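See below for structure.pdb, which holds PDB, C-alpha atoms.
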MODEL        1
ATOM      1  CA  ASP L  23       0.000   0.000   0.000
ATOM      2  CA  TRP L  24       2.835   2.421   0.728
ATOM      3  CA  SER L  25       3.853   2.517  -2.943
ATOM      4  CA  ARG L  26       0.546   4.187  -3.913
ATOM      5  CA  TYR L  27       1.230   7.114  -1.612
ATOM      6  CA  GLU L  28       4.909   7.231  -2.515
ATOM      7  CA  ALA L  29       3.849   7.694  -6.148
ATOM      8  CA  ALA L  30       0.996  10.146  -5.559
ATOM      9  CA  ASP L  31       2.906  12.337  -3.110
ATOM     10  CA  GLU L  32       6.329  12.233  -4.744
ATOM     11  CA  ALA L  33       8.218  15.451  -4.093
ATOM     12  CA  GLN L  34       8.803  17.755  -7.015
ATOM     13  CA  ASP L  35      12.405  17.517  -8.263
ATOM     14  CA  ASP L  36      13.216  14.656  -5.834
ATOM     15  CA  SER L  37      11.975  11.224  -6.889
ATOM     16  CA  THR L  38      13.376   9.668  -3.695
ATOM     17  CA  SER L  39      11.129  11.705  -1.379
ATOM     18  CA  ILE L  40       7.481  12.482  -0.653
ATOM     19  CA  LEU L  41       5.937  15.878   0.113
ATOM     20  CA  CYS L  42       4.013  16.057   3.390
ATOM     21  CA  ILE L  43       0.540  17.531   2.989
ATOM     22  CA  TYR L  44       0.368  19.835   6.018
ATOM     23  CA  THR L  45       3.939  21.081   6.455
ATOM     24  CA  ARG L  46       5.121  20.769   2.836
ATOM     25  CA  HIS L  47       8.496  19.371   3.761
ATOM     26  CA  ASN L  48      10.127  16.391   2.067
ATOM     27  CA  ILE L  49      10.835  13.012   3.680
ATOM     28  CA  LYS L  50      12.544  10.023   2.065
ATOM     29  CA  LYS L  51       9.993   7.624   0.558
ATOM     30  CA  SER L  52      11.434   4.681   2.469
ATOM     31  CA  SER L  53      11.087   6.418   5.873
ATOM     32  CA  HIS L  54       7.683   5.003   6.812
ATOM     33  CA  CYS L  55       6.413   5.551  10.338
ATOM     34  CA  GLY L  56       7.466   3.109  12.972
ATOM     35  CA  ASN L  57       8.341   5.661  15.579
ATOM     36  CA  TYR L  58       7.225   9.223  14.955
ATOM     37  CA  SER L  59       9.950  11.703  14.054
ATOM     38  CA  TRP L  60      10.480  14.666  11.721
ATOM     39  CA  ASP L  61      12.020  12.355   9.127
ATOM     40  CA  LYS L  62       9.287   9.650   9.162
ATOM     41  CA  TRP L  63       5.922   9.745   7.440
ATOM     42  CA  ASN L  64       2.522   8.160   7.719
ATOM     43  CA  ARG L  65      -0.724   8.395   5.735
ATOM     44  CA  GLU L  66      -3.350  11.014   6.581
ATOM     45  CA  HIS L  67      -7.040  10.821   5.715
ATOM     46  CA  VAL L  68      -8.199  14.417   5.267
ATOM     47  CA  SER L  69     -11.787  13.185   5.637
ATOM     48  CA  THR L  70     -10.920  11.281   8.775
ATOM     49  CA  GLN L  71     -11.000   7.500   8.715
ATOM     50  CA  SER L  72     -12.765   7.191  12.077
ATOM     51  CA  LYS L  73     -15.632   9.478  11.016
ATOM     52  CA  PHE L  74     -15.763   8.427   7.349
ATOM     53  CA  PRO L  75     -14.550   4.840   6.975
ATOM     54  CA  ASN L  76     -15.804   4.152   3.453
ATOM     55  CA  SER L  77     -13.079   6.344   1.890
ATOM     56  CA  ASP L  78     -10.249   4.728   3.845
ATOM     57  CA  THR L  79      -8.408   3.469   0.736
ATOM     58  CA  ASP L  80      -9.184   6.317  -1.683
ATOM     59  CA  ASN L  81      -5.985   8.061  -2.779
ATOM     60  CA  HIS L  82      -7.869  11.328  -3.339
ATOM     61  CA  ASN L  83      -8.517  11.355   0.426
ATOM     62  CA  ILE L  84      -5.164  10.033   1.703
ATOM     63  CA  PHE L  85      -1.919  12.007   1.728
ATOM     64  CA  ALA L  86       1.629  11.580   3.011
ATOM     65  CA  CYS L  87       2.019  13.271   6.399
ATOM     66  CA  GLU L  88       4.287  13.339   9.458
ATOM     67  CA  GLY L  89       2.864  11.165  12.198
ATOM     68  CA  GLN L  90       2.922  13.790  14.934
ATOM     69  CA  ILE L  91       1.053  16.471  13.004
ATOM     70  CA  ASN L  92      -1.379  13.779  11.865
ATOM     71  CA  ASN L  93      -2.066  13.136  15.572
ATOM     72  CA  TYR L  94      -2.421  16.873  16.244
ATOM     73  CA  ARG L  95      -5.091  17.045  13.522
ATOM     74  CA  GLY L  96      -6.925  13.947  14.759
ATOM     75  CA  ASN L  97     -10.630  14.480  14.057
ATOM     76  CA  LEU L  98     -10.486  18.275  14.335
ATOM     77  CA  SER L  99     -12.403  20.340  11.801
ATOM     78  CA  PHE L 100     -10.454  22.328   9.250
ATOM     79  CA  ALA L 101     -10.813  26.049   9.923
ATOM     80  CA  ASN L 102      -9.047  29.383   9.815
ATOM     81  CA  VAL L 103      -7.406  29.548  13.238
ATOM     82  CA  LYS L 104      -6.416  32.887  14.686
ATOM     83  CA  ASP L 105      -2.673  32.998  15.307
ATOM     84  CA  SER L 106      -2.574  33.696  19.005
ATOM     85  CA  GLY L 107      -0.071  32.503  21.562
ATOM     86  CA  GLY L 108       0.083  28.724  21.626
ATOM     87  CA  THR L 109      -1.917  27.928  18.481
ATOM     88  CA  ARG L 110       1.046  27.542  16.094
ATOM     89  CA  LEU L 111       2.339  23.979  15.993
ATOM     90  CA  THR L 112       5.886  22.794  16.487
ATOM     91  CA  VAL L 113       6.662  19.291  15.228
ATOM     92  CA  PHE L 114       9.820  17.694  16.617
ATOM     93  CA  GLY L 115      11.417  21.088  17.169
ATOM     94  CA  HIS L 116      10.376  22.463  13.762
ATOM     95  CA  LEU L 117       8.028  25.444  13.800
ATOM     96  CA  THR L 118       5.310  24.883  11.182
ATOM     97  CA  ASP L 119       2.753  27.110   9.513
ATOM     98  CA  CYS L 120      -0.040  24.948  10.953
ATOM     99  CA  TYR L 121      -2.334  26.024  13.783
ATOM    100  CA  LYS L 122      -4.602  24.215  16.224
ATOM    101  CA  THR L 123      -7.216  24.933  18.843
ATOM    102  CA  SER L 124      -9.207  22.433  20.872
ATOM    103  CA  ASN L 125     -11.778  22.176  18.028
ATOM    104  CA  ASN L 126     -10.023  23.226  14.812
ATOM    105  CA  PHE L 127      -6.930  22.656  12.696
ATOM    106  CA  GLU L 128      -5.455  24.948  10.035
ATOM    107  CA  PRO L 129      -2.800  23.609   7.634
ATOM    108  CA  CYS L 130      -0.242  25.774   5.854
ATOM    109  CA  ASP L 131      -1.578  27.957   3.029
ATOM    110  CA  GLU L 132       0.028  25.783   0.319
ATOM    111  CA  ALA L 133      -2.135  22.830   1.404
ATOM    112  CA  LYS L 134      -5.495  24.565   1.842
ATOM    113  CA  GLY L 135      -6.770  24.419  -1.730
ATOM    114  CA  GLU L 136      -5.690  20.819  -2.190
ATOM    115  CA  ILE L 137      -7.389  19.816   1.079
ATOM    116  CA  ALA L 138     -10.576  21.703   0.173
ATOM    117  CA  ARG L 139     -10.776  19.970  -3.210
ATOM    118  CA  ALA L 140     -10.093  16.538  -1.671
ATOM    119  CA  CYS L 141     -12.933  17.133   0.795
ATOM    120  CA  LEU L 142     -15.243  18.407  -1.952
ATOM    121  CA  TYR L 143     -14.514  15.194  -3.847
ATOM    122  CA  CYS L 144     -15.340  13.085  -0.765
ATOM    123  CA  SER L 145     -18.512  15.090  -0.212
ATOM    124  CA  VAL L 146     -19.809  14.331  -3.697
ATOM    125  CA  TYR L 147     -18.356  10.832  -4.193
ATOM    126  CA  TYR L 148     -19.203   9.448  -0.747
ATOM    127  CA  GLY L 149     -21.981  11.795   0.368
ATOM    128  CA  TYR L 150     -20.013  13.340   3.249
ATOM    129  CA  ASP L 151     -21.310  16.543   4.822
ATOM    130  CA  LEU L 152     -18.664  19.260   4.523
ATOM    131  CA  ASN L 153     -19.859  20.651   7.876
ATOM    132  CA  ASP L 154     -18.513  17.442   9.449
ATOM    133  CA  ILE L 155     -15.040  18.087   7.978
ATOM    134  CA  PHE L 156     -14.789  21.903   8.089
ATOM    135  CA  ASP L 157     -16.022  24.411  10.649
ATOM    136  CA  SER L 158     -18.339  25.533   7.818
ATOM    137  CA  ILE L 159     -18.936  24.875   4.144
ATOM    138  CA  ASN L 160     -17.934  28.501   3.560
ATOM    139  CA  THR L 161     -14.394  27.825   4.794
ATOM    140  CA  CYS L 162     -14.043  24.941   2.351
ATOM    141  CA  LEU L 163     -15.387  27.059  -0.518
ATOM    142  CA  GLU L 164     -13.135  29.969   0.463
ATOM    143  CA  TRP L 165     -10.027  27.750   0.425
ATOM    144  CA  ASN L 166     -11.031  26.244  -2.918
ATOM    145  CA  ALA L 167     -11.430  29.714  -4.460
ATOM    146  CA  LYS L 168      -8.461  31.451  -2.830
ATOM    147  CA  TYR L 169      -5.823  28.718  -3.153
ATOM    148  CA  THR L 170      -5.817  27.782  -6.814
ATOM    149  CA  VAL L 171      -4.838  24.445  -8.298
ATOM    150  CA  SER L 172      -1.063  24.093  -8.490
ATOM    151  CA  PRO L 173       1.028  22.049 -10.935
ATOM    152  CA  ARG L 174       1.773  19.750  -7.987
ATOM    153  CA  GLU L 175      -1.943  19.104  -7.433
ATOM    154  CA  ILE L 176      -2.450  18.381 -11.149
ATOM    155  CA  TYR L 177       0.483  15.948 -11.043
ATOM    156  CA  ARG L 178      -1.053  14.182  -8.031
ATOM    157  CA  ASN L 179      -4.482  13.977  -9.696
ATOM    158  CA  ASN L 180      -2.894  12.401 -12.782
ATOM    159  CA  ILE L 181      -0.985   9.828 -10.701
ATOM    160  CA  VAL L 182      -4.051   8.915  -8.621
ATOM    161  CA  ASN L 183      -6.084   8.543 -11.804
ATOM    162  CA  GLY L 184      -3.498   6.059 -13.065
ATOM    163  CA  LEU L 185      -3.513   4.178  -9.745
ATOM    164  CA  GLN L 186      -7.237   3.890  -9.095
ATOM    165  CA  GLY L 187      -8.891   4.909 -12.357
ATOM    166  CA  ASN L 188     -10.708   8.094 -11.364
ATOM    167  CA  ARG L 189      -9.935  11.787 -11.117
ATOM    168  CA  ASN L 190     -10.830  14.471  -8.627
ATOM    169  CA  PRO L 191     -13.134  16.636 -10.758
ATOM    170  CA  PHE L 192     -12.659  19.597  -8.390
ATOM    171  CA  THR L 193      -8.956  19.637  -9.249
ATOM    172  CA  ASP L 194      -9.794  19.598 -12.959
ATOM    173  CA  HIS L 195     -12.666  22.093 -12.568
ATOM    174  CA  PRO L 196     -12.581  24.034  -9.259
ATOM    175  CA  SER L 197     -15.622  26.025 -10.405
ATOM    176  CA  TYR L 198     -17.768  22.905  -9.867
ATOM    177  CA  ALA L 199     -17.697  23.781  -6.158
ATOM    178  CA  GLN L 200     -19.508  27.052  -6.772
ATOM    179  CA  ALA L 201     -21.941  25.385  -9.183
ATOM    180  CA  ILE L 202     -22.860  22.780  -6.532
ATOM    181  CA  TYR L 203     -22.565  24.709  -3.265
ATOM    182  CA  GLY L 204     -22.585  28.403  -4.199
ATOM    183  CA  GLY L 205     -19.994  30.617  -2.577
ATOM    184  CA  PRO L 206     -17.016  32.437  -4.089
ATOM    185  CA  GLU L 207     -15.835  31.808  -7.640
ATOM    186  CA  SER L 208     -12.460  30.174  -8.061
TER     187      SER L 208
ENDMDL
END
Now, as a test, write the supplied structure out as structure tokens.
Amino acid sequence: DWSRYEAADEAQDDSTSILCIYTRHNIKKSSHCGNYSWDKWNREHVSTQSKFPNSDTDNHNIFACEGQINNYRGNLSFANVKDSGGTRLTVFGHLTDCYKTSNNFEPCDEAKGEIARACLYCSVYYGYDLNDIFDSINTCLEWNAKYTVSPREIYRNNIVNGLQGNRNPFTDHPSYAQAIYGGPES
């Protein structure tokens, strides 16, 4: 199973590493989690496996991630978290651009659009309620519109399509989110 995520989350310009979804740092592909550390990675379900088990093997929902920040996220809702003392996360001595409160988790800006589109996909494909994944549908729609599809996200969509035979239509057409849910145009 690891090889699917190694392929989908391969780091740009480094075929020996993966790119972690929340912190956007590279870790060697072969450094799978045994013990959590900054240089080990695990798999993260952005629509959490415990709440939404029927997408537990879908590559559009699962990303490479450090184990500790994966634990920090847990089942918390994605949200915009105010940067106030103690909300910014440090992972194994590395200050990240991720934030957490007792109810919400905010990834770095580079991950927000990709996460929003993965959750939009899960909402349509599996019937998940975005309000169970985000603090509000509006946050998801805002991230989709504000953080546009990157070449990295297109690459990942192409690889996942080759691995499991389907695409994330919100990566190919971010405007589908507005057509379905309303909200800001992307």
**OP:** Could you list the residues chosen by the PyMOL selection byres ((chain L and resi 64-77) around 9) in this structure as a ChimeraX atom specification?
**Re:** /L:24,27,43,53-56,58,62-63,78-89,92,96-98,137,140-141,144,148,150,154-155
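With all atoms listed in the file as the atoms that count, the residue of L:Ser59, L:Ser52, L:Ile159, L:Val103 with the shortest distance to L:Pro129 is L:Val103.
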**OP:** Can you pull out every residue within 12 Å of L:Glu136, counting only C-alpha atoms, but drop anything in the same chain fewer than 6 positions away, and send it as an NGL selection string?
**Re:** :L and (43-44 or 46 or 68 or 82-85 or 129-130 or 142-143 or 162-163 or 165-179 or 190 or 192-194 or 196)
Dump C-alpha atoms for the selected residues as a compact mmCIF listing (two decimals), keeping the file's coordinate frame?
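Saved result, out25.txt, follows:
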# COMPACT_ATOMS: atom_id res chain seq x y z
CA ILE L 43 0.54 17.53 2.99
CA TYR L 44 0.37 19.84 6.02
CA ARG L 46 5.12 20.77 2.84
CA VAL L 68 -8.20 14.42 5.27
CA HIS L 82 -7.87 11.33 -3.34
CA ASN L 83 -8.52 11.36 0.43
CA ILE L 84 -5.16 10.03 1.70
CA PHE L 85 -1.92 12.01 1.73
CA PRO L 129 -2.80 23.61 7.63
CA CYS L 130 -0.24 25.77 5.85
CA LEU L 142 -15.24 18.41 -1.95
CA TYR L 143 -14.51 15.19 -3.85
CA CYS L 162 -14.04 24.94 2.35
CA LEU L 163 -15.39 27.06 -0.52
CA TRP L 165 -10.03 27.75 0.42
CA ASN L 166 -11.03 26.24 -2.92
CA ALA L 167 -11.43 29.71 -4.46
CA LYS L 168 -8.46 31.45 -2.83
CA TYR L 169 -5.82 28.72 -3.15
CA THR L 170 -5.82 27.78 -6.81
CA VAL L 171 -4.84 24.44 -8.30
CA SER L 172 -1.06 24.09 -8.49
CA PRO L 173 1.03 22.05 -10.94
CA ARG L 174 1.77 19.75 -7.99
CA GLU L 175 -1.94 19.10 -7.43
CA ILE L 176 -2.45 18.38 -11.15
CA TYR L 177 0.48 15.95 -11.04
CA ARG L 178 -1.05 14.18 -8.03
CA ASN L 179 -4.48 13.98 -9.70
CA ASN L 190 -10.83 14.47 -8.63
CA PHE L 192 -12.66 19.60 -8.39
CA THR L 193 -8.96 19.64 -9.25
CA ASP L 194 -9.79 19.60 -12.96
CA PRO L 196 -12.58 24.03 -9.26
Original post:
For L:Ser106, which residue among L:Ser197, L:Asn183, L:Thr123, L:Thr45 is the nearest when counting all atoms listed in the file?
Top reply: L:Thr123
Using the chain letters and numbers from this file, what does the PyMOL selection byres ((chain L and resi 29) around 9) select? Give the answer as an mmCIF file with C-alpha atoms, keeping the file's coordinate frame.
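Ended up saving to expr30.cif:
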data_model
loop_
_atom_site.group_PDB
_atom_site.id
_atom_site.type_symbol
_atom_site.label_atom_id
_atom_site.label_comp_id
_atom_site.auth_asym_id
_atom_site.auth_seq_id
_atom_site.Cartn_x
_atom_site.Cartn_y
_atom_site.Cartn_z
ATOM 1 C CA TRP L 24 2.835 2.421 0.728
ATOM 2 C CA SER L 25 3.853 2.517 -2.943
ATOM 3 C CA ARG L 26 0.546 4.187 -3.913
ATOM 4 C CA TYR L 27 1.230 7.114 -1.612
ATOM 5 C CA GLU L 28 4.909 7.231 -2.515
ATOM 6 C CA ALA L 30 0.996 10.146 -5.559
ATOM 7 C CA ASP L 31 2.906 12.337 -3.110
ATOM 8 C CA GLU L 32 6.329 12.233 -4.744
ATOM 9 C CA SER L 37 11.975 11.224 -6.889
ATOM 10 C CA ILE L 40 7.481 12.482 -0.653
ATOM 11 C CA ARG L 178 -1.053 14.182 -8.031
ATOM 12 C CA ILE L 181 -0.985 9.828 -10.701
ATOM 13 C CA VAL L 182 -4.051 8.915 -8.621
ATOM 14 C CA LEU L 185 -3.513 4.178 -9.745
#
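Distance annotation: of L:Val146, L:Leu152, L:Val113, L:Ala201, the residue with the minimal separation from L:Ala101 is L:Leu152; atom set is all atoms listed in the file.
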**OP:** Find the residue from L:Ser124, L:Asn160, L:Gln186, L:Thr118 that sits nearest to L:Ala199; use all atoms listed in the file when measuring.
**Re:** L:Asn160
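With only C-alpha atoms as the atoms that count, the minimum distance from L:Phe156 to the choices L:Thr38, L:Asn102, L:Lys122, L:Leu111 is reached by L:Asn102.
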